[in-house]
>>> print(open('protein.txt').read())   # compact mmCIF, C-alpha atoms
# COMPACT_ATOMS: atom_id res chain seq x y z
CA MET Y 259 140.88 10.21 215.25
CA LYS Y 260 138.09 11.23 217.65
CA ALA Y 261 140.25 10.85 220.78
CA PRO Y 262 142.78 13.60 219.91
CA ILE Y 263 139.99 16.01 218.97
CA THR Y 264 138.21 15.32 222.26
CA LEU Y 265 141.43 15.93 224.22
CA ILE Y 266 142.07 19.19 222.40
CA LEU Y 267 138.52 20.43 223.04
CA PHE Y 268 138.79 19.42 226.70
CA PHE Y 269 142.09 21.31 226.96
CA ILE Y 270 140.59 24.42 225.34
CA CYS Y 271 137.55 24.28 227.68
CA SER Y 272 139.86 23.91 230.68
CA ILE Y 273 141.79 27.01 229.67
CA ILE Y 274 138.59 29.02 229.20
CA THR Y 275 137.21 27.82 232.55
CA ALA Y 276 140.46 28.61 234.35
CA GLN Y 277 140.41 32.15 232.95
CA ASP Y 278 136.75 32.67 233.90
CA ILE Y 279 137.50 33.93 237.42
CA ILE Y 280 134.83 36.09 239.00
CA VAL Y 281 136.18 39.38 240.31
CA VAL Y 282 134.21 42.21 241.90
CA ASP Y 283 135.74 45.68 241.65
CA TRP Y 284 134.82 47.90 244.59
CA SER Y 285 131.99 50.35 244.08
CA PRO Y 286 129.90 52.27 246.63
CA GLU Y 287 126.75 50.54 245.33
CA TYR Y 288 127.95 46.93 245.63
CA LYS Y 289 127.24 45.35 249.01
CA LEU Y 290 128.49 41.88 249.89
CA THR Y 291 125.99 39.15 250.75
CA LEU Y 292 126.39 35.63 252.09
CA ALA Y 293 126.05 34.35 248.51
CA ASP Y 294 129.34 36.11 247.62
CA PHE Y 295 131.30 33.66 249.80
CA LYS Y 296 131.65 30.90 247.23
CA SER Y 297 134.73 29.07 248.53
CA GLU Y 298 134.21 25.35 249.02
CA ASN Y 299 135.58 25.90 252.55
CA THR Y 300 132.60 28.06 253.55
CA GLN Y 301 130.68 26.29 256.30
CA ILE Y 302 127.63 27.45 258.22
CA GLY Y 303 126.47 25.18 261.01
CA GLU Y 304 127.92 22.06 262.64
CA THR Y 305 130.88 23.99 264.07
CA ASN Y 306 131.70 26.09 267.11
CA LEU Y 307 134.35 28.03 265.17
CA TYR Y 308 133.90 31.29 263.34
CA SER Y 309 136.19 33.06 260.90
CA VAL Y 310 136.03 35.14 257.76
CA TYR Y 311 138.37 35.58 254.83
CA SER Y 312 137.01 38.38 252.67
CA SER Y 313 139.55 37.99 249.82
CA ALA Y 314 139.63 41.78 249.36
CA SER Y 315 142.85 42.59 247.55
CA LEU Y 316 144.78 45.81 247.04
CA ASP Y 317 146.83 45.59 243.83
CA TYR Y 318 149.05 47.87 241.80
CA SER Y 319 149.92 47.19 238.18
CA VAL Y 320 151.80 49.32 235.66
CA GLN Y 321 152.46 48.25 232.09
CA MET Y 322 154.17 51.16 230.37
CA SER Y 323 157.57 52.23 229.16
CA ASN Y 324 159.91 54.30 231.34
CA ILE Y 325 159.12 57.37 229.21
CA GLN Y 326 155.36 56.86 229.63
CA PHE Y 327 155.86 56.36 233.37
CA MET Y 328 157.87 59.59 233.67
CA LEU Y 329 155.18 61.55 231.81
CA THR Y 330 152.24 60.07 233.77
CA LYS Y 331 150.97 61.79 236.92
CA ASN Y 332 147.58 60.15 237.56
CA PHE Y 333 147.90 56.46 238.46
CA ASN Y 334 144.38 56.05 239.87
CA SER Y 335 143.39 53.44 237.28
CA LYS Y 336 146.50 51.36 238.05
CA VAL Y 337 145.50 50.72 241.69
CA SER Y 338 142.72 48.19 242.20
CA ASN Y 339 140.61 47.00 245.10
CA ARG Y 340 138.97 43.71 244.20
CA PHE Y 341 136.94 40.99 245.88
CA PHE Y 342 137.28 37.37 244.73
CA PRO Y 343 134.08 35.41 245.57
CA GLU Y 344 135.61 32.02 244.72
CA SER Y 345 138.22 32.55 247.49
CA ALA Y 346 135.97 34.30 250.02
CA THR Y 347 135.28 32.06 253.02
CA ILE Y 348 133.03 32.16 256.06
CA ILE Y 349 132.97 29.58 258.83
CA ALA Y 350 130.22 30.13 261.38
CA PRO Y 351 128.10 28.08 263.79
CA ASP Y 352 124.85 29.64 262.52
CA GLU Y 353 123.44 32.04 259.94
CA ASP Y 354 123.19 34.97 262.37
CA THR Y 355 126.94 34.76 263.09
CA ALA Y 356 127.64 34.28 259.37
CA LEU Y 357 125.76 37.50 258.54
CA LYS Y 358 127.88 39.37 261.10
CA MET Y 359 130.96 37.96 259.36
CA VAL Y 360 129.59 39.31 256.05
CA ASP Y 361 129.29 42.76 257.66
CA PHE Y 362 132.90 42.51 258.81
CA ALA Y 363 133.97 41.45 255.29
CA GLN Y 364 132.15 44.49 253.86
CA TYR Y 365 134.02 46.66 256.36
CA GLU Y 366 137.29 45.06 255.22
CA PHE Y 367 136.42 45.60 251.53
CA ASP Y 368 135.68 49.27 252.29
CA VAL Y 369 138.90 49.66 254.30
CA CYS Y 370 140.76 48.19 251.33
CA GLU Y 371 139.17 50.91 249.15
CA LEU Y 372 140.21 53.57 251.65
CA TYR Y 373 143.83 52.43 251.50
CA ALA Y 374 143.68 52.10 247.71
CA ARG Y 375 142.67 55.79 247.66
CA LYS Y 376 145.39 56.72 250.15
CA PHE Y 377 147.91 54.93 247.93
CA ARG Y 378 146.63 56.69 244.79
CA LYS Y 379 146.91 60.02 246.59
CA THR Y 380 150.44 59.26 247.78
CA LEU Y 381 151.49 58.23 244.26
CA TYR Y 382 150.04 61.45 242.88
CA GLU Y 383 151.72 63.66 245.48
CA GLU Y 384 155.10 61.89 245.57
CA LYS Y 385 155.59 61.47 241.82
CA GLY Y 386 158.21 63.83 240.49
CA THR Y 387 158.68 64.63 236.80
CA PHE Y 388 161.63 62.29 236.39
CA SER Y 389 160.69 59.68 239.01
CA ASP Y 390 161.25 56.07 238.08
CA ILE Y 391 159.09 53.18 239.23
CA SER Y 392 161.39 52.27 242.14
CA TYR Y 393 159.75 54.95 244.32
CA VAL Y 394 156.48 52.96 244.30
CA LYS Y 395 157.36 49.76 246.22
CA PRO Y 396 158.22 51.38 249.59
CA LEU Y 397 155.01 53.45 249.39
CA PHE Y 398 152.96 50.33 248.58
CA ASP Y 399 154.58 48.33 251.40
CA ASN Y 400 153.79 51.11 253.87
CA ILE Y 401 150.14 51.35 252.76
CA ARG Y 402 149.68 47.56 252.99
CA LYS Y 403 151.11 47.58 256.52
CA GLU Y 404 148.73 50.38 257.60
CA TYR Y 405 145.81 48.51 255.99
CA ASN Y 406 146.71 45.21 257.69
CA ASP Y 407 147.15 46.94 261.08
CA ARG Y 408 143.75 48.60 260.81
CA ILE Y 409 141.98 45.37 259.87
CA THR Y 410 143.69 43.44 262.68
CA LYS Y 411 142.72 46.06 265.28
CA ALA Y 412 139.13 46.15 264.01
CA GLY Y 413 138.93 42.35 264.07
CA LYS Y 414 139.97 42.34 267.72
CA ALA Y 415 137.79 45.31 268.71
CA THR Y 416 134.65 43.89 267.07
CA ASP Y 417 135.30 40.15 267.52
CA LEU Y 418 135.18 39.83 263.70
CA GLY Y 419 131.92 41.76 263.57
CA LYS Y 420 130.07 40.01 266.40
CA LYS Y 421 130.11 43.32 268.32
CA THR Y 422 127.79 44.99 265.82
CA GLU Y 423 127.64 48.47 267.37
CA GLU Y 424 131.43 48.75 267.51
CA LEU Y 425 131.70 47.57 263.90
CA LYS Y 426 129.03 50.07 262.81
CA LYS Y 427 130.97 52.92 264.42
CA LEU Y 428 134.27 51.89 262.80
CA HIS Y 429 132.54 51.40 259.44
CA GLU Y 430 131.01 54.89 259.49
CA GLU Y 431 134.49 56.36 260.11
CA VAL Y 432 135.90 54.48 257.11
CA LEU Y 433 133.07 55.55 254.78
CA LYS Y 434 133.62 59.16 255.82
CA GLU Y 435 137.36 58.87 255.09
CA ILE Y 436 136.62 57.32 251.68
CA ASP Y 437 134.35 60.26 250.87
CA GLU Y 438 137.10 62.72 251.87
CA LEU Y 439 139.36 61.13 249.22
CA SER Y 440 136.78 61.36 246.42
CA ASP Y 441 139.40 62.63 243.92
CA PHE Y 442 141.20 59.30 244.23
CA CYS Y 443 138.59 56.77 243.15
CA LYS Y 444 139.79 54.40 240.42
CA THR Y 445 138.14 56.37 237.59
CA CYS Y 446 138.69 59.87 239.03
CA LYS Y 447 141.09 62.55 237.91
CA PRO Y 448 142.65 64.46 240.84
CA LYS Y 449 142.29 68.21 240.81
CA LYS Y 450 145.49 70.07 240.04
CA LYS Y 451 146.90 72.07 242.90
CA LYS Y 452 146.77 75.81 242.41
CA LYS Y 453 150.19 77.39 242.33
CA LYS Y 454 150.91 79.82 245.13
CA LYS Y 455 151.39 83.41 244.02
>>> encode(input="protein.txt", output="structure tokens")
Amino acid sequence: MKAPITLILFFICSIITAQDIIVVDWSPEYKLTLADFKSENTQIGETNLYSVYSSASLDYSVQMSNIQFMLTKNFNSKVSNRFFPESATIIAPDEDTALKMVDFAQYEFDVCELYARKFRKTLYEEKGTFSDISYVKPLFDNIRKEYNDRITKAGKATDLGKKTEELKKLHEEVLKEIDELSDFCKTCKPKKKKKKK
């Protein structure tokens, strides 16, 4: 009799553990540290290689009826920029290089927020009264392409953050652009456009 109970409790614990995934939503206050790179593949030392996978993710999720969708204008809360520490990976020959990779990952997380805001703005501006959800996918695909292109160019220009001055300059530009889209943070409500007289 004890064996089936043990198996059931183990199964329940496994489900709870599997659902206990750590996710960090972007905020201007949260700054990544080396401790945020929790993947078992993270390796510092005993290698000549260096790479970084920040795990920053731009997602869009809508769970509403067609009527609700047609009547909704502000989709800011439906677009997320998240960081997943359990997937985040750094491989570096030493701690100094690893810390530069962390700075590049922070840049990537901030760029992801910039493109989340650009996407929210595009959704807001492109949404017509009777639009259906099909208008979203091409917009999302375009934003993801722009995001990926920007990260790839920055990775090359900064050697994944090893060129610290170049990364600092690019990062300042991104933070300024984020600030310019302040109406499109996840919890913000965009200002209504004034009608022309």
>>> closest_residue(input="protein.txt", among="Y:Trp284, Y:Phe333, Y:Tyr308, Y:Tyr318", to="Cys446 of chain Y", atoms="all atoms listed in the file")
Y:Phe333
>>> atom_distance(input="protein.txt", atom1="atom CA of Lys414 of chain Y", atom2="atom CA of Leu372 of chain Y")
19.6 Å
>>> residues_around(input="protein.txt", residues="Ile302 of chain Y", least_positions_apart="3", cutoff="6 Å", atoms="only C-alpha atoms", output="number ranges by chain")
Y: 349-352
>>> closest_residue(input="protein.txt", among="Y:Arg402, Y:Cys443, Y:Phe341, Y:Tyr365", to="Leu428 of chain Y", atoms="all atoms listed in the file")
Y:Tyr365
>>> residues_around(input="protein.txt", residues="Thr330 of chain Y", least_positions_apart="2", cutoff="12 Å", atoms="all atoms listed in the file", output="list in words")
Val320, Gln321, Met322, Ser323, Asn324, Ile325, Gln326, Phe327, Met328, Asn332, Phe333, Asn334, Ser335, Lys336, Leu381, Tyr382, Lys385, Gly386, Thr387, Phe388, Ser389, Asp390 and Ile391 of chain Y
>>> residues_around(input="protein.txt", residues="Lys289 of chain Y", least_positions_apart="6", cutoff="12 Å", atoms="all atoms listed in the file", output="list in words")
Val282, Asp283, Phe341, Val360, Asp361, Phe362, Ala363, Gln364, Tyr365, Glu366, Phe367 and Asp368 of chain Y
>>> atom_distance(input="protein.txt", atom1="atom CA of Gln301 of chain Y", atom2="atom CA of Thr347 of chain Y")
8.1 Å
>>> atom_distance(input="protein.txt", atom1="atom CA of Phe377 of chain Y", atom2="atom CA of Lys411 of chain Y")
20.2 Å
>>> axis_aligned_box(input="protein.txt", around="segment 296-309 of chain Y", padding_each_side="6 Å", output="lines of an AutoDock Vina configuration file")
center_x = 131.3
center_y = 27.6
center_z = 257.2
size_x = 21.7
size_y = 23.0
size_z = 31.9
>>> closest_residue(input="protein.txt", among="Y:Glu423, Y:Glu431, Y:Asp407, Y:Asp294", to="Ile348 of chain Y", atoms="all atoms listed in the file")
Y:Asp294
>>> closest_residue(input="protein.txt", among="Y:Lys358, Y:Lys376, Y:Arg408, Y:Lys403", to="Lys426 of chain Y", atoms="all atoms listed in the file")
Y:Lys358
>>> decode(input="protein.txt", residues="segment 305-336 of chain Y", atoms="N, CA and C atoms", output="PDB file, in the first residue's frame")
ATOM      1  N   THR Y 305      38.712  26.860 -20.607  1.00  0.00           N
ATOM      2  CA  THR Y 305      38.287  26.906 -22.002  1.00  0.00           C
ATOM      3  C   THR Y 305      38.871  28.139 -22.664  1.00  0.00           C
ATOM      4  N   ASN Y 306      39.074  28.062 -23.953  1.00  0.00           N
ATOM      5  CA  ASN Y 306      39.496  29.235 -24.724  1.00  0.00           C
ATOM      6  C   ASN Y 306      38.312  29.879 -25.433  1.00  0.00           C
ATOM      7  N   LEU Y 307      37.153  29.223 -25.357  1.00  0.00           N
ATOM      8  CA  LEU Y 307      35.952  29.694 -26.041  1.00  0.00           C
ATOM      9  C   LEU Y 307      35.235  30.746 -25.196  1.00  0.00           C
ATOM     10  N   TYR Y 308      34.424  31.540 -25.864  1.00  0.00           N
ATOM     11  CA  TYR Y 308      33.519  32.417 -25.134  1.00  0.00           C
ATOM     12  C   TYR Y 308      32.238  32.592 -25.942  1.00  0.00           C
ATOM     13  N   SER Y 309      31.127  32.524 -25.237  1.00  0.00           N
ATOM     14  CA  SER Y 309      29.818  32.721 -25.856  1.00  0.00           C
ATOM     15  C   SER Y 309      28.818  33.065 -24.769  1.00  0.00           C
ATOM     16  N   VAL Y 310      27.699  33.618 -25.205  1.00  0.00           N
ATOM     17  CA  VAL Y 310      26.644  33.975 -24.257  1.00  0.00           C
ATOM     18  C   VAL Y 310      25.293  33.712 -24.906  1.00  0.00           C
ATOM     19  N   TYR Y 311      24.422  33.107 -24.133  1.00  0.00           N
ATOM     20  CA  TYR Y 311      23.023  32.935 -24.531  1.00  0.00           C
ATOM     21  C   TYR Y 311      22.202  33.558 -23.420  1.00  0.00           C
ATOM     22  N   SER Y 312      21.601  34.720 -23.702  1.00  0.00           N
ATOM     23  CA  SER Y 312      20.935  35.471 -22.631  1.00  0.00           C
ATOM     24  C   SER Y 312      19.578  34.894 -22.258  1.00  0.00           C
ATOM     25  N   SER Y 313      18.939  34.183 -23.157  1.00  0.00           N
ATOM     26  CA  SER Y 313      17.594  33.626 -22.979  1.00  0.00           C
ATOM     27  C   SER Y 313      16.499  34.686 -22.939  1.00  0.00           C
ATOM     28  N   ALA Y 314      16.824  35.938 -23.281  1.00  0.00           N
ATOM     29  CA  ALA Y 314      15.782  36.970 -23.366  1.00  0.00           C
ATOM     30  C   ALA Y 314      14.784  36.549 -24.437  1.00  0.00           C
ATOM     31  N   SER Y 315      13.509  36.726 -24.147  1.00  0.00           N
ATOM     32  CA  SER Y 315      12.478  36.227 -25.057  1.00  0.00           C
ATOM     33  C   SER Y 315      11.352  37.236 -25.223  1.00  0.00           C
ATOM     34  N   LEU Y 316      11.041  37.528 -26.459  1.00  0.00           N
ATOM     35  CA  LEU Y 316       9.931  38.417 -26.811  1.00  0.00           C
ATOM     36  C   LEU Y 316       8.739  37.536 -27.157  1.00  0.00           C
ATOM     37  N   ASP Y 317       7.656  37.656 -26.397  1.00  0.00           N
ATOM     38  CA  ASP Y 317       6.482  36.804 -26.589  1.00  0.00           C
ATOM     39  C   ASP Y 317       5.214  37.633 -26.705  1.00  0.00           C
ATOM     40  N   TYR Y 318       4.246  37.067 -27.404  1.00  0.00           N
ATOM     41  CA  TYR Y 318       2.945  37.698 -27.568  1.00  0.00           C
ATOM     42  C   TYR Y 318       1.880  36.652 -27.310  1.00  0.00           C
ATOM     43  N   SER Y 319       0.946  36.938 -26.437  1.00  0.00           N
ATOM     44  CA  SER Y 319      -0.084  35.971 -26.092  1.00  0.00           C
ATOM     45  C   SER Y 319      -1.429  36.658 -25.894  1.00  0.00           C
ATOM     46  N   VAL Y 320      -2.434  36.177 -26.636  1.00  0.00           N
ATOM     47  CA  VAL Y 320      -3.786  36.729 -26.498  1.00  0.00           C
ATOM     48  C   VAL Y 320      -4.745  35.585 -26.218  1.00  0.00           C
ATOM     49  N   GLN Y 321      -5.484  35.706 -25.129  1.00  0.00           N
ATOM     50  CA  GLN Y 321      -6.523  34.732 -24.820  1.00  0.00           C
ATOM     51  C   GLN Y 321      -7.818  35.502 -24.612  1.00  0.00           C
ATOM     52  N   MET Y 322      -8.530  35.710 -25.718  1.00  0.00           N
ATOM     53  CA  MET Y 322      -9.801  36.436 -25.659  1.00  0.00           C
ATOM     54  C   MET Y 322     -10.645  36.048 -26.854  1.00  0.00           C
ATOM     55  N   SER Y 323     -11.912  36.307 -26.757  1.00  0.00           N
ATOM     56  CA  SER Y 323     -12.811  36.004 -27.872  1.00  0.00           C
ATOM     57  C   SER Y 323     -12.592  37.010 -29.001  1.00  0.00           C
ATOM     58  N   ASN Y 324     -13.130  36.689 -30.190  1.00  0.00           N
ATOM     59  CA  ASN Y 324     -13.011  37.607 -31.331  1.00  0.00           C
ATOM     60  C   ASN Y 324     -13.644  38.962 -31.023  1.00  0.00           C
ATOM     61  N   ILE Y 325     -14.765  38.951 -30.312  1.00  0.00           N
ATOM     62  CA  ILE Y 325     -15.447  40.206 -29.949  1.00  0.00           C
ATOM     63  C   ILE Y 325     -14.554  41.031 -29.033  1.00  0.00           C
ATOM     64  N   GLN Y 326     -13.984  40.376 -27.995  1.00  0.00           N
ATOM     65  CA  GLN Y 326     -13.084  41.091 -27.080  1.00  0.00           C
ATOM     66  C   GLN Y 326     -11.895  41.657 -27.844  1.00  0.00           C
ATOM     67  N   PHE Y 327     -11.339  40.857 -28.767  1.00  0.00           N
ATOM     68  CA  PHE Y 327     -10.194  41.306 -29.541  1.00  0.00           C
ATOM     69  C   PHE Y 327     -10.557  42.548 -30.363  1.00  0.00           C
ATOM     70  N   MET Y 328     -11.714  42.515 -31.002  1.00  0.00           N
ATOM     71  CA  MET Y 328     -12.141  43.654 -31.833  1.00  0.00           C
ATOM     72  C   MET Y 328     -12.313  44.920 -31.006  1.00  0.00           C
ATOM     73  N   LEU Y 329     -12.750  44.774 -29.748  1.00  0.00           N
ATOM     74  CA  LEU Y 329     -13.023  45.935 -28.907  1.00  0.00           C
ATOM     75  C   LEU Y 329     -11.792  46.402 -28.107  1.00  0.00           C
ATOM     76  N   THR Y 330     -10.687  45.659 -28.183  1.00  0.00           N
ATOM     77  CA  THR Y 330      -9.488  46.004 -27.423  1.00  0.00           C
ATOM     78  C   THR Y 330      -8.526  46.797 -28.296  1.00  0.00           C
ATOM     79  N   LYS Y 331      -7.985  47.866 -27.746  1.00  0.00           N
ATOM     80  CA  LYS Y 331      -7.024  48.703 -28.472  1.00  0.00           C
ATOM     81  C   LYS Y 331      -5.617  48.585 -27.873  1.00  0.00           C
ATOM     82  N   ASN Y 332      -5.539  48.511 -26.544  1.00  0.00           N
ATOM     83  CA  ASN Y 332      -4.250  48.475 -25.856  1.00  0.00           C
ATOM     84  C   ASN Y 332      -3.853  47.025 -25.566  1.00  0.00           C
ATOM     85  N   PHE Y 333      -2.814  46.561 -26.246  1.00  0.00           N
ATOM     86  CA  PHE Y 333      -2.319  45.200 -26.059  1.00  0.00           C
ATOM     87  C   PHE Y 333      -0.982  45.168 -25.319  1.00  0.00           C
ATOM     88  N   ASN Y 334      -0.632  46.246 -24.650  1.00  0.00           N
ATOM     89  CA  ASN Y 334       0.671  46.314 -23.968  1.00  0.00           C
ATOM     90  C   ASN Y 334       0.913  45.130 -23.039  1.00  0.00           C
ATOM     91  N   SER Y 335      -0.097  44.752 -22.263  1.00  0.00           N
ATOM     92  CA  SER Y 335       0.080  43.672 -21.282  1.00  0.00           C
ATOM     93  C   SER Y 335       0.218  42.298 -21.932  1.00  0.00           C
ATOM     94  N   LYS Y 336      -0.113  42.192 -23.205  1.00  0.00           N
ATOM     95  CA  LYS Y 336      -0.061  40.906 -23.912  1.00  0.00           C
ATOM     96  C   LYS Y 336       1.319  40.624 -24.518  1.00  0.00           C
TER      97      LYS Y 336
END
